[in-house]
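Undergrad: My structure file coords_4.txt, compact mmCIF, C-alpha atoms, is below:
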# COMPACT_ATOMS: atom_id res chain seq x y z
CA MET F 77 55.97 40.37 21.93
CA THR F 78 59.22 39.97 20.01
CA ALA F 79 62.43 41.81 19.34
CA ALA F 80 60.53 43.70 16.66
CA ALA F 81 57.76 44.76 19.03
CA PRO F 82 56.60 48.25 18.13
CA GLY F 83 57.13 51.17 20.41
CA GLY F 84 60.53 49.99 21.53
CA ARG F 85 63.82 50.78 19.93
CA VAL F 86 64.76 48.01 17.56
CA ALA F 87 68.45 47.54 17.12
CA ALA F 88 68.46 44.61 14.73
CA PRO F 89 67.68 45.28 11.10
CA LEU F 90 64.28 44.19 9.85
CA GLY F 91 65.36 41.61 7.34
CA TRP F 92 63.54 40.42 4.23
CA ARG F 93 62.01 36.96 4.60
CA VAL F 94 60.90 34.63 1.86
CA ALA F 95 57.13 34.18 1.82
CA ARG F 96 55.05 31.80 -0.26
CA LEU F 97 51.41 32.01 -1.18
CA ALA F 98 49.50 29.42 0.84
CA GLN F 99 45.92 30.41 0.14
CA ARG F 100 43.88 32.95 -1.78
CA ARG F 101 40.38 34.14 -0.87
CA ILE F 102 38.28 36.34 -3.13
CA GLU F 103 36.70 39.05 -0.98
CA THR F 104 35.16 41.35 -3.59
CA PRO F 105 35.60 41.75 -7.36
CA THR F 106 38.72 43.84 -6.64
CA ALA F 107 40.00 42.67 -3.26
CA GLN F 108 41.61 39.39 -2.24
CA THR F 109 42.95 38.01 0.98
CA LEU F 110 46.33 36.37 0.50
CA VAL F 111 47.56 33.99 3.15
CA LEU F 112 51.34 33.87 3.18
CA SER F 113 53.54 31.25 4.73
CA VAL F 114 56.53 33.05 6.28
CA PRO F 115 58.91 30.73 8.14
CA GLY F 116 60.23 32.43 11.25
CA TRP F 117 57.54 35.12 11.36
CA PRO F 118 58.09 36.97 14.67
CA GLY F 119 54.45 37.92 15.31
CA HIS F 120 52.73 41.29 15.05
CA LEU F 121 50.06 43.56 16.48
CA PRO F 122 46.76 44.46 14.81
CA GLY F 123 47.17 47.61 12.73
CA GLN F 124 50.75 46.90 11.67
CA HIS F 125 51.76 46.42 8.06
CA VAL F 126 54.42 44.66 6.03
CA ASP F 127 56.43 45.56 2.99
CA VAL F 128 56.09 43.10 0.12
CA ARG F 129 58.89 43.00 -2.45
CA LEU F 130 58.83 41.44 -5.90
CA THR F 131 61.92 40.67 -7.95
CA ALA F 132 61.96 40.38 -11.75
CA PRO F 133 64.32 38.02 -13.61
CA ASP F 134 66.71 40.89 -14.37
CA GLY F 135 66.95 41.84 -10.70
CA TYR F 136 64.54 44.77 -10.84
CA GLN F 137 62.57 45.07 -7.61
CA ALA F 138 59.36 46.78 -6.56
CA ALA F 139 57.97 46.95 -3.03
CA ARG F 140 54.73 48.20 -1.46
CA SER F 141 53.23 48.24 2.01
CA TYR F 142 50.13 46.19 2.92
CA SER F 143 48.20 46.02 6.16
CA LEU F 144 48.04 42.72 8.02
CA ALA F 145 44.44 41.53 8.07
CA GLY F 146 44.45 39.53 11.30
CA PRO F 147 46.53 37.90 14.00
CA PRO F 148 49.23 35.51 12.79
CA ASP F 149 48.43 31.80 12.62
CA GLY F 150 51.80 30.30 13.43
CA ASP F 151 54.00 31.15 10.46
CA ARG F 152 51.03 32.27 8.41
CA ILE F 153 49.99 35.86 7.91
CA ALA F 154 47.08 37.29 5.95
CA LEU F 155 47.09 40.42 3.82
CA THR F 156 44.07 41.81 2.01
CA VAL F 157 45.10 43.47 -1.22
CA GLN F 158 42.96 45.87 -3.22
CA ARG F 159 43.84 45.58 -6.87
CA VAL F 160 44.98 48.96 -8.21
CA PRO F 161 44.13 48.80 -11.95
CA ASP F 162 47.22 50.67 -13.08
CA GLY F 163 49.40 49.32 -10.28
CA GLU F 164 52.71 47.57 -10.51
CA VAL F 165 52.61 45.27 -7.50
CA SER F 166 48.95 44.64 -6.59
CA PRO F 167 47.90 43.19 -10.00
CA TYR F 168 50.76 40.71 -9.76
CA LEU F 169 49.66 39.65 -6.29
CA THR F 170 45.98 39.31 -7.21
CA ASP F 171 46.26 37.98 -10.78
CA ALA F 172 49.62 36.32 -11.40
CA TRP F 173 50.98 35.08 -8.10
CA ALA F 174 50.63 31.29 -7.89
CA GLU F 175 50.53 29.10 -4.80
CA GLY F 176 54.04 28.19 -3.74
CA ASP F 177 55.69 31.06 -5.59
CA PRO F 178 58.06 33.16 -3.47
CA VAL F 179 58.00 36.87 -2.74
CA GLU F 180 59.78 38.68 0.06
CA VAL F 181 58.21 40.35 3.08
CA ARG F 182 59.61 42.59 5.76
CA GLY F 183 58.02 43.55 9.00
CA PRO F 184 56.00 43.99 11.05
CA VAL F 185 56.17 47.77 10.68
CA GLY F 186 54.41 50.54 12.56
CA GLY F 187 54.00 51.18 16.26
CA TRP F 188 51.34 53.90 16.41
CA PHE F 189 48.29 52.72 14.50
CA VAL F 190 47.97 49.58 16.62
CA TRP F 191 45.53 48.22 19.16
CA ARG F 192 46.80 46.20 22.09
CA SER F 193 44.54 43.65 23.73
CA GLU F 194 45.43 45.03 27.20
CA GLN F 195 43.61 48.24 26.24
CA THR F 196 40.18 48.41 27.88
CA ALA F 197 38.92 51.78 26.61
CA PRO F 198 36.06 51.83 24.10
CA VAL F 199 37.28 51.76 20.51
CA LEU F 200 35.79 53.44 17.47
CA LEU F 201 36.97 52.12 14.13
CA VAL F 202 36.08 54.13 11.02
CA ALA F 203 36.94 52.53 7.69
CA GLY F 204 36.77 53.90 4.17
CA GLY F 205 36.93 51.20 1.47
CA SER F 206 39.99 48.96 1.80
CA GLY F 207 40.94 50.99 4.89
CA VAL F 208 38.95 48.33 6.72
CA VAL F 209 41.88 45.90 6.58
CA PRO F 210 43.94 47.01 9.62
CA LEU F 211 40.69 47.70 11.50
CA MET F 212 39.48 44.17 10.80
CA ALA F 213 42.78 42.97 12.22
CA MET F 214 41.80 44.75 15.45
CA VAL F 215 38.29 43.20 15.42
CA ARG F 216 39.82 39.76 14.93
CA ALA F 217 42.49 40.32 17.59
CA ARG F 218 39.82 41.46 20.04
CA ARG F 219 37.96 38.22 19.52
CA ALA F 220 41.12 36.10 19.67
CA ALA F 221 42.16 37.72 22.95
CA GLY F 222 38.69 37.45 24.49
CA SER F 223 38.82 41.20 25.06
CA ARG F 224 35.75 42.93 26.47
CA ALA F 225 36.73 46.38 25.21
CA PRO F 226 33.59 47.80 23.55
CA PHE F 227 34.15 48.17 19.80
CA ARG F 228 32.18 50.05 17.19
CA LEU F 229 33.02 49.86 13.51
CA ILE F 230 31.65 52.33 10.97
CA TYR F 231 32.45 51.08 7.48
CA SER F 232 31.97 53.31 4.45
CA VAL F 233 31.73 51.56 1.07
CA ARG F 234 30.49 52.48 -2.39
CA THR F 235 28.03 49.61 -2.77
CA PRO F 236 27.10 46.43 -0.87
CA ALA F 237 29.26 44.43 -3.30
CA ASP F 238 32.33 46.36 -2.15
CA VAL F 239 32.10 45.18 1.46
CA ILE F 240 35.25 43.24 2.29
CA TYR F 241 34.76 40.49 4.92
CA ALA F 242 30.98 40.83 4.50
CA ASP F 243 30.07 37.36 5.81
CA GLU F 244 32.50 37.43 8.69
CA LEU F 245 31.38 40.91 9.74
CA ARG F 246 27.78 39.70 9.82
CA THR F 247 28.77 36.77 12.01
CA ARG F 248 30.94 38.79 14.33
CA ALA F 249 28.37 41.54 14.76
CA ARG F 250 25.98 38.79 15.86
CA ASP F 251 28.35 36.70 18.00
CA ASP F 252 31.06 39.02 19.35
CA PHE F 253 29.60 40.56 22.46
CA GLY F 254 30.30 44.29 22.56
CA LEU F 255 30.97 44.73 18.84
CA ASP F 256 28.67 46.92 16.75
CA VAL F 257 29.04 47.27 13.00
CA SER F 258 27.31 49.92 10.91
CA TYR F 259 27.65 50.86 7.27
CA VAL F 260 27.62 53.99 5.18
CA TYR F 261 26.94 53.50 1.46
CA THR F 262 28.16 56.25 -0.82
CA ARG F 263 26.78 55.14 -4.22
CA GLU F 264 24.28 52.35 -3.85
CA ALA F 265 22.58 51.04 -0.72
CA PRO F 266 21.16 47.55 -0.26
CA ASP F 267 17.44 46.86 -0.58
CA GLY F 268 15.55 47.87 2.50
CA TRP F 269 18.22 50.36 3.57
CA ARG F 270 16.81 53.41 5.27
CA GLY F 271 18.07 56.63 3.77
CA GLU F 272 19.93 57.62 0.64
CA PRO F 273 23.50 56.81 -0.30
CA HIS F 274 25.74 59.58 1.02
CA ARG F 275 29.27 60.38 2.04
CA ILE F 276 30.02 59.92 5.73
CA GLY F 277 28.96 62.92 7.80
CA LEU F 278 28.48 64.23 11.29
CA ALA F 279 25.22 62.32 11.86
CA ASP F 280 26.87 58.97 11.01
CA VAL F 281 29.83 59.52 13.30
CA ASN F 282 27.68 60.94 16.08
CA THR F 283 25.03 58.20 15.88
CA HIS F 284 27.27 55.18 15.42
CA GLY F 285 30.40 56.32 17.25
CA TRP F 286 31.03 56.87 20.96
CA PRO F 287 30.41 60.08 22.90
CA ALA F 288 33.68 61.89 23.52
CA ASP F 289 33.21 61.79 27.31
CA LEU F 290 33.63 58.00 27.25
CA GLU F 291 37.18 58.76 26.08
CA PRO F 292 37.29 56.19 23.31
CA LEU F 293 40.35 55.57 21.20
CA CYS F 294 39.47 56.27 17.57
CA TYR F 295 41.19 54.63 14.60
CA VAL F 296 40.43 56.02 11.15
CA CYS F 297 41.75 54.42 7.97
CA GLY F 298 40.94 55.09 4.34
CA PRO F 299 41.73 57.42 1.45
CA THR F 300 43.13 60.81 2.40
CA GLY F 301 39.93 62.81 1.82
CA PHE F 302 37.91 60.33 3.88
CA VAL F 303 40.39 60.37 6.75
CA GLU F 304 40.59 64.17 6.75
CA THR F 305 36.79 64.40 6.89
CA VAL F 306 36.31 61.85 9.66
CA ALA F 307 39.21 63.10 11.79
CA ASP F 308 37.85 66.66 11.56
CA LEU F 309 34.36 65.43 12.53
CA LEU F 310 35.74 63.58 15.55
CA VAL F 311 37.68 66.63 16.71
CA GLY F 312 34.55 68.71 16.15
CA LEU F 313 32.60 66.27 18.35
CA GLY F 314 35.06 66.87 21.16
CA HIS F 315 37.47 63.96 20.83
CA PRO F 316 40.98 65.04 21.82
CA THR F 317 43.36 64.89 18.87
CA ARG F 318 45.63 62.51 20.79
CA ARG F 319 42.79 59.98 20.88
CA VAL F 320 42.32 60.02 17.11
CA ARG F 321 44.80 57.87 15.21
CA THR F 322 44.82 57.91 11.44
CA GLU F 323 46.27 55.92 8.60
CA ARG F 324 45.84 57.06 5.03
CA PHE F 325 45.90 55.04 1.86
CA GLY F 326 47.64 56.90 -0.90
CA PRO F 327 48.20 55.57 -4.40
CA THR F 328 50.37 52.60 -3.52
CA GLY F 329 50.00 50.66 -6.78
CA MET X 191 62.67 35.40 -7.63
CA SER X 192 58.96 36.11 -8.21
CA PRO X 193 58.00 34.01 -11.26
CA GLY X 194 56.18 36.00 -13.90
CA PHE X 195 56.94 39.39 -12.40
CA GLN X 196 58.41 41.84 -14.89
CA GLY X 197 57.71 45.21 -13.32
CA ARG X 198 55.97 47.91 -15.22
CA ARG X 199 56.91 51.35 -13.99
CA ARG X 200 60.58 50.79 -14.47
CA THR X 201 62.48 53.98 -13.99
CA THR X 202 66.17 54.39 -14.55
CA ASP X 203 66.06 58.03 -13.55
CA PRO X 204 69.21 58.64 -11.51
CA ALA X 205 67.28 61.21 -9.44
CA LEU X 206 65.04 58.47 -8.04
CA PRO X 207 66.40 56.89 -4.85
CA PRO X 208 66.35 53.07 -4.54
CA GLY X 209 62.99 51.47 -3.82
CA GLN X 210 61.02 54.62 -4.72
CA TYR X 211 58.50 55.21 -7.48
CA LEU X 212 57.44 58.50 -9.02
CA THR X 213 54.04 60.00 -8.42
CA GLU X 214 52.35 63.05 -9.86
CA ASP X 215 49.99 63.17 -6.88
CA PHE X 216 50.84 64.58 -3.50
CA PRO X 217 49.81 61.90 -1.01
CA VAL X 218 49.39 62.69 2.67
CA LEU X 219 50.96 60.80 5.55
CA SER X 220 50.17 61.78 9.09
CA ALA X 221 49.25 60.11 12.34
CA GLY X 222 46.22 62.07 13.46
CA PRO X 223 43.80 64.88 12.75
CA THR X 224 45.05 67.94 10.90
CA PRO X 225 45.65 70.82 13.35
CA ARG X 226 44.22 74.21 12.35
CA VAL X 227 46.45 77.00 13.57
CA PRO X 228 45.21 80.61 13.29
CA LEU X 229 47.94 82.87 11.93
CA ASP X 230 47.47 85.48 14.67
CA ARG X 231 48.37 82.84 17.25
CA TRP X 232 51.07 81.12 15.22
CA GLU X 233 54.66 81.40 16.33
CA PHE X 234 57.94 79.65 15.69
CA VAL X 235 60.22 79.15 18.68
CA LEU X 236 63.86 78.17 18.48
CA ALA X 237 65.20 77.05 21.87
CA THR X 238 68.86 76.34 22.49
CA GLU X 239 70.33 73.76 24.83
CA THR X 240 71.04 76.53 27.36
CA GLY X 241 67.43 77.70 27.40
CA ASP X 242 67.77 80.77 25.18
CA GLU X 243 64.67 81.27 23.06
CA PHE X 244 64.19 83.02 19.75
CA ARG X 245 60.60 83.68 18.61
CA TRP X 246 59.01 84.73 15.37
CA SER X 247 55.39 85.69 14.85
CA TRP X 248 53.80 85.05 11.46
CA ALA X 249 54.42 88.66 10.43
CA GLU X 250 58.02 88.45 11.56
CA LEU X 251 58.58 85.24 9.58
CA MET X 252 57.11 86.89 6.48
CA ALA X 253 59.43 89.87 6.92
CA LEU X 254 62.53 87.66 6.71
CA PRO X 255 64.28 87.02 3.39
CA GLN X 256 62.20 84.52 1.40
CA GLU X 257 63.47 81.73 -0.82
CA THR X 258 61.67 79.60 -3.40
CA PRO X 259 63.36 76.19 -3.39
CA THR X 260 62.37 73.67 -6.06
CA VAL X 261 63.27 70.21 -4.80
CA ASP X 262 62.54 66.49 -5.12
CA ILE X 263 60.81 64.87 -2.15
CA HIS X 264 60.88 61.24 -1.07
CA CYS X 265 58.36 59.63 1.27
CA VAL X 266 59.24 56.50 3.26
CA THR X 267 55.99 54.97 1.94
CA ARG X 268 57.91 54.80 -1.37
CA TRP X 269 56.54 57.64 -3.45
CA SER X 270 58.80 60.36 -4.73
CA LYS X 271 57.75 63.60 -6.36
CA PHE X 272 60.11 65.63 -8.49
CA GLY X 273 60.36 69.38 -8.83
CA THR X 274 58.11 70.53 -5.99
CA SER X 275 58.09 74.33 -5.54
CA TRP X 276 57.98 75.93 -2.12
CA GLN X 277 58.29 79.32 -0.53
CA GLY X 278 59.79 79.99 2.87
CA VAL X 279 62.71 80.99 5.03
CA SER X 280 66.03 79.18 5.09
CA LEU X 281 67.04 77.67 8.44
CA ASP X 282 70.36 79.44 7.88
CA VAL X 283 68.50 82.72 8.39
CA LEU X 284 66.73 81.48 11.52
CA LEU X 285 69.91 79.99 12.98
CA ASP X 286 72.01 83.05 12.16
CA GLY X 287 73.43 84.51 15.34
CA VAL X 288 72.15 81.64 17.51
CA ASP X 289 74.94 80.63 19.84
CA THR X 290 74.80 76.87 20.34
CA ALA X 291 76.99 73.86 20.94
CA ALA X 292 74.14 71.44 20.14
CA ASP X 293 74.62 68.67 17.59
CA TYR X 294 70.93 67.80 17.21
CA ALA X 295 67.57 69.42 16.79
CA GLN X 296 64.13 68.13 17.64
CA ALA X 297 61.38 69.72 15.60
CA HIS X 298 58.02 69.92 17.30
CA SER X 299 54.65 70.64 15.80
CA TYR X 300 51.20 71.91 16.57
CA GLY X 301 49.35 68.68 17.32
CA GLY X 302 52.27 67.16 19.20
CA TYR X 303 54.32 65.56 16.42
CA THR X 304 58.10 65.52 16.85
CA THR X 305 61.06 64.48 14.72
CA ASN X 306 64.81 64.60 15.28
CA LEU X 307 67.64 65.63 12.97
CA PRO X 308 71.33 66.40 13.23
CA LEU X 309 71.70 70.17 13.37
CA ASP X 310 74.18 70.06 10.49
CA ASP X 311 71.39 68.76 8.26
CA LEU X 312 69.48 71.98 8.84
CA ARG X 313 72.34 74.26 7.78
CA ASP X 314 74.00 75.29 4.52
CA GLY X 315 70.91 75.68 2.35
CA GLN X 316 69.53 72.23 3.15
CA ALA X 317 66.41 73.15 5.12
CA TRP X 318 63.60 75.71 5.26
CA VAL X 319 60.48 76.66 7.15
CA VAL X 320 58.05 76.84 4.22
CA HIS X 321 54.59 78.41 4.10
CA GLY X 322 53.88 78.35 0.38
CA TYR X 323 53.47 75.50 -2.12
CA ASP X 324 53.15 75.98 -5.88
CA GLY X 325 52.59 79.70 -5.45
CA GLU X 326 49.74 79.27 -2.96
CA PRO X 327 49.55 79.26 0.85
CA LEU X 328 50.51 75.79 2.12
CA PRO X 329 47.27 73.79 2.69
CA ALA X 330 46.70 72.50 6.22
CA GLU X 331 46.71 68.84 5.17
CA HIS X 332 50.19 69.34 3.75
CA GLY X 333 51.42 71.01 6.91
CA GLY X 334 50.24 74.61 6.72
CA PRO X 335 50.48 77.29 7.95
CA ALA X 336 54.16 76.27 7.91
CA ARG X 337 56.20 73.09 7.83
CA LEU X 338 59.82 72.13 7.87
CA LEU X 339 61.30 71.22 4.47
CA VAL X 340 64.39 68.99 4.58
CA PRO X 341 64.23 67.35 1.16
CA HIS X 342 67.44 65.33 1.37
CA LEU X 343 65.88 63.13 4.09
CA TYR X 344 62.69 61.04 3.96
CA PHE X 345 59.74 63.35 4.09
CA TRP X 346 58.60 62.53 7.62
CA LYS X 347 61.61 64.58 8.77
CA SER X 348 59.96 67.62 7.13
CA ALA X 349 57.68 68.12 10.12
CA LYS X 350 54.23 69.44 9.25
CA TRP X 351 52.60 72.24 11.31
CA VAL X 352 55.99 73.07 12.74
CA ARG X 353 56.03 75.32 15.79
CA GLY X 354 59.65 75.20 16.75
CA LEU X 355 63.02 73.58 17.10
CA ARG X 356 64.68 72.50 20.30
CA LEU X 357 68.44 72.25 19.97
CA THR X 358 69.86 69.36 21.98
CA VAL X 359 73.25 67.98 22.88
CA GLU X 360 71.98 64.40 22.74
CA ASP X 361 69.98 62.83 19.93
CA GLU X 362 66.36 62.52 21.11
CA PRO X 363 64.21 60.32 18.87
CA GLY X 364 60.90 61.79 17.73
CA PHE X 365 57.46 60.35 17.00
CA TRP X 366 58.08 58.00 14.07
CA GLU X 367 61.64 57.34 15.21
CA THR X 368 60.37 55.80 18.46
CA ALA X 369 57.76 53.85 16.45
CA GLY X 370 60.34 51.85 14.51
CA TYR X 371 61.45 54.22 11.78
CA HIS X 372 65.07 55.06 11.13
CA ASP X 373 66.79 57.69 13.23
CA TYR X 374 68.34 59.55 10.26
CA GLY X 375 66.29 58.58 7.18
CA ASP X 376 68.57 58.98 4.16
CA PRO X 377 66.56 57.91 1.09
CA TRP X 378 69.72 57.20 -0.92
CA ARG X 379 70.76 54.59 1.64
CA GLU X 380 67.17 53.36 2.08
CA GLN X 381 67.18 54.10 5.80
CA ARG X 382 63.49 53.37 6.27
CA TYR X 383 63.37 51.40 9.49
CA GLN X 384 65.61 51.08 12.51
CA GLY X 385 68.65 48.99 11.75
CA ASP X 386 68.62 49.79 7.99
Would you write out, as structure tokens, the structure that this file holds?

TA:
Amino acid sequence: MTAAAPGGRVAAPLGWRVARLAQRRIETPTAQTLVLSVPGWPGHLPGQHVDVRLTAPDGYQAARSYSLAGPPDGDRIALTVQRVPDGEVSPYLTDAWAEGDPVEVRGPVGGWFVWRSEQTAPVLLVAGGSGVVPLMAMVRARRAAGSRAPFRLIYSVRTPADVIYADELRTRARDDFGLDVSYVYTREAPDGWRGEPHRIGLADVNTHGWPADLEPLCYVCGPTGFVETVADLLVGLGHPTRRVRTERFGPTG
Amino acid sequence: MSPGFQGRRRTTDPALPPGQYLTEDFPVLSAGPTPRVPLDRWEFVLATETGDEFRWSWAELMALPQETPTVDIHCVTRWSKFGTSWQGVSLDVLLDGVDTAADYAQAHSYGGYTTNLPLDDLRDGQAWVVHGYDGEPLPAEHGGPARLLVPHLYFWKSAKWVRGLRLTVEDEPGFWETAGYHDYGDPWREQRYQGD
């Protein structure tokens, strides 16, 4: 893809680039998609992330990592940021950052938790909360590449109002051939939902995932406890550990 | 640079490497499912560049002199945690009497993870195979039954679920190192990614 393509050995330093806010989309009461204009952006793969760095007037800097939410659009990249109430960086990005204001970004980073459009194996995506972001990047990249790899997404959220990309997921589940989307609600289910709110369990993964003998590639992203649970369930269902890739969201503020 | 940004968790603590912030939590970073390794099948294998092998069962590891290092740890995802308490065996003990001309070591883990380090960074009281955390057995999600502890490097070098070390003449990049992360990983020089 580029000199910074993951998996290869990169000799050149990953430099910081100036990025400006081009567009802001409200996804949920606590999550926003930020479209950044980054001149010279080298491109990236779905699942990769970037570091975002803020600089205060006195030179103090703070940086955090955010997953890229979809394929690049020229020099434009999209991040979806969950506002961490006590955080240092995310509240600035969601509440204070104005269109045209500069920050710095560095990336793309990460060569393991990625999906490549040449891959034809079935894919199971399991998202917990804002862990859906890098998985949505894979769903979007699949569509952009015209891939026919069968995809299933299981998305665990607290309530229907917490679903990020709700409208687009509805559309894609309808229009993208070979993409299935199912939900697990942990606190409050929508009207007409069959069953009670519950934490993701064996029945969810077994019913809405792929059988292990189809040898799917599984991507699991979410908070640590969620990822531990789902990865253990997948191994218990016979998926080889090498086919289960995980990314955990810690407290990243 | 970023209008309106002041920064809130400003820390001037000289023990905090650049670009890191302090956490009281103990976040987890790993690439796949957590391996579960029964102690009666656990072993640690040290292989030299000439093919000599040194093996320790769980009972044999426990019978070695134990240390209780209290150290600061620094994750490449930018959290640092001060004063973590561990129990385990110094690599100096495991390397004692091992005849080698190797300059590097590749740690390998149950589950397939690997990471590479200069052998000198494992000597002189800088590294341990630890099996206890905060006075308790090391939980599996944090690398139990045993993990490497090399606190002066970013924490991915402290391989979880460690099963052995292969001493090598050449530097052989491990899992994260071939995925774009720095070959050495010194937090004080912010060696996060290749080329840093």

Undergrad: Find the residues near Arg313 of chain X: any atom within 12 Å, counting all atoms listed in the file, skip ones fewer than 2 places away on the same chain, and give them as an mmCIF file with C-alpha atoms, in the frame of the given file.

TA:
data_model
loop_
_atom_site.group_PDB
_atom_site.id
_atom_site.type_symbol
_atom_site.label_atom_id
_atom_site.label_comp_id
_atom_site.auth_asym_id
_atom_site.auth_seq_id
_atom_site.Cartn_x
_atom_site.Cartn_y
_atom_site.Cartn_z
ATOM 1 C CA SER X 280 66.030 79.180 5.090
ATOM 2 C CA LEU X 281 67.040 77.670 8.440
ATOM 3 C CA ASP X 282 70.360 79.440 7.880
ATOM 4 C CA VAL X 283 68.500 82.720 8.390
ATOM 5 C CA LEU X 284 66.730 81.480 11.520
ATOM 6 C CA LEU X 285 69.910 79.990 12.980
ATOM 7 C CA ASP X 286 72.010 83.050 12.160
ATOM 8 C CA ASP X 293 74.620 68.670 17.590
ATOM 9 C CA TYR X 294 70.930 67.800 17.210
ATOM 10 C CA ALA X 295 67.570 69.420 16.790
ATOM 11 C CA LEU X 307 67.640 65.630 12.970
ATOM 12 C CA PRO X 308 71.330 66.400 13.230
ATOM 13 C CA LEU X 309 71.700 70.170 13.370
ATOM 14 C CA ASP X 310 74.180 70.060 10.490
ATOM 15 C CA ASP X 311 71.390 68.760 8.260
ATOM 16 C CA GLY X 315 70.910 75.680 2.350
ATOM 17 C CA GLN X 316 69.530 72.230 3.150
ATOM 18 C CA ALA X 317 66.410 73.150 5.120
ATOM 19 C CA TRP X 318 63.600 75.710 5.260
ATOM 20 C CA LEU X 339 61.300 71.220 4.470
ATOM 21 C CA VAL X 340 64.390 68.990 4.580
#

Undergrad: Between atom CA of Ser141 of chain F and atom CA of Ser232 of chain F, what is the distance, to one decimal in Å?

TA: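 Those two atoms sit 22.0 Å apart.
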
Undergrad: Which is closer to Ala221 of chain X than all the others in F:Leu110, F:Val209, F:Val157, F:Cys297, using only C-alpha atoms?

TA: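 Closest residue, counting only C-alpha atoms: F:Cys297.
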
Undergrad: Can you tell me which residues surround segment 242-249 of chain X at a distance of at most 9 Å, considering all atoms listed in the file, apart from same-chain residues fewer than 5 positions away, and format the answer as a JSON list (two decimals) with C-alpha atoms, in the frame of the given file?

TA:
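Result written to part_38.json:
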[["chain", "number", "residue", "atom", "x", "y", "z"],
["X", 229, "LEU", "CA", 47.94, 82.87, 11.93],
["X", 230, "ASP", "CA", 47.47, 85.48, 14.67],
["X", 231, "ARG", "CA", 48.37, 82.84, 17.25],
["X", 232, "TRP", "CA", 51.07, 81.12, 15.22],
["X", 233, "GLU", "CA", 54.66, 81.40, 16.33],
["X", 234, "PHE", "CA", 57.94, 79.65, 15.69],
["X", 235, "VAL", "CA", 60.22, 79.15, 18.68],
["X", 236, "LEU", "CA", 63.86, 78.17, 18.48],
["X", 237, "ALA", "CA", 65.20, 77.05, 21.87],
["X", 254, "LEU", "CA", 62.53, 87.66, 6.71],
["X", 284, "LEU", "CA", 66.73, 81.48, 11.52],
["X", 288, "VAL", "CA", 72.15, 81.64, 17.51],
["X", 289, "ASP", "CA", 74.94, 80.63, 19.84],
["X", 354, "GLY", "CA", 59.65, 75.20, 16.75]]

Undergrad: Listing only residues of chain X within 10 Å of chain F, what is the closest atom pair and its distance in Å (to one decimal) for each, using only C-alpha atoms, sorted by chain and residue number ascending, as a Markdown table?

TA:
| residue | atom | partner | partner_atom | distance |
| --- | --- | --- | --- | --- |
| X:Met191 | CA | F:Thr131 | CA | 5.3 |
| X:Ser192 | CA | F:Thr131 | CA | 5.4 |
| X:Pro193 | CA | F:Asp177 | CA | 6.8 |
| X:Gly194 | CA | F:Ala172 | CA | 7.0 |
| X:Phe195 | CA | F:Ala132 | CA | 5.2 |
| X:Gln196 | CA | F:Ala132 | CA | 5.0 |
| X:Gly197 | CA | F:Glu164 | CA | 6.2 |
| X:Arg198 | CA | F:Glu164 | CA | 5.7 |
| X:Arg199 | CA | F:Glu164 | CA | 6.6 |
| X:Arg200 | CA | F:Tyr136 | CA | 8.1 |
| X:Thr201 | CA | F:Tyr136 | CA | 9.9 |
| X:Pro208 | CA | F:Gln137 | CA | 9.4 |
| X:Gly209 | CA | F:Ala138 | CA | 6.5 |
| X:Gln210 | CA | F:Ala138 | CA | 8.2 |
| X:Tyr211 | CA | F:Ala138 | CA | 8.5 |
| X:Thr213 | CA | F:Pro327 | CA | 8.4 |
| X:Asp215 | CA | F:Pro327 | CA | 8.2 |
| X:Phe216 | CA | F:Gly326 | CA | 8.7 |
| X:Pro217 | CA | F:Gly326 | CA | 5.5 |
| X:Val218 | CA | F:Thr300 | CA | 6.5 |
| X:Leu219 | CA | F:Arg324 | CA | 6.4 |
| X:Ser220 | CA | F:Thr322 | CA | 7.0 |
| X:Ala221 | CA | F:Thr322 | CA | 5.0 |
| X:Gly222 | CA | F:Arg321 | CA | 4.8 |
| X:Pro223 | CA | F:Ala307 | CA | 5.0 |
| X:Thr224 | CA | F:Glu304 | CA | 7.2 |
| X:Pro225 | CA | F:Thr317 | CA | 8.4 |
| X:Arg226 | CA | F:Asp308 | CA | 9.9 |
| X:Thr267 | CA | F:Ser141 | CA | 7.3 |
| X:Arg268 | CA | F:Arg140 | CA | 7.3 |
| X:Trp269 | CA | F:Thr328 | CA | 8.0 |
| X:Gly301 | CA | F:Thr317 | CA | 7.3 |
| X:Gly302 | CA | F:Arg318 | CA | 8.3 |
| X:Glu331 | CA | F:Glu304 | CA | 7.9 |
| X:Pro363 | CA | F:Arg85 | CA | 9.6 |
| X:Phe365 | CA | F:Trp188 | CA | 8.9 |
| X:Trp366 | CA | F:Trp188 | CA | 8.2 |
| X:Glu367 | CA | F:Arg85 | CA | 8.4 |
| X:Thr368 | CA | F:Gly83 | CA | 6.0 |
| X:Ala369 | CA | F:Gly187 | CA | 4.6 |
| X:Gly370 | CA | F:Pro82 | CA | 6.3 |
| X:Tyr371 | CA | F:Gly186 | CA | 8.0 |
| X:His372 | CA | F:Val86 | CA | 9.5 |
| X:Arg382 | CA | F:Leu90 | CA | 9.9 |
| X:Tyr383 | CA | F:Leu90 | CA | 7.3 |
| X:Gln384 | CA | F:Val86 | CA | 6.0 |
| X:Gly385 | CA | F:Pro89 | CA | 3.9 |
| X:Asp386 | CA | F:Pro89 | CA | 5.6 |

Undergrad: Kindly give the distance, in Å, that separates atom CA of Gly205 of chain F and atom CA of Asp251 of chain F, rounded to a single decimal.

TA: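 Atom-to-atom, atom CA of Gly205 of chain F and atom CA of Asp251 of chain F are spaced 23.6 Å apart.
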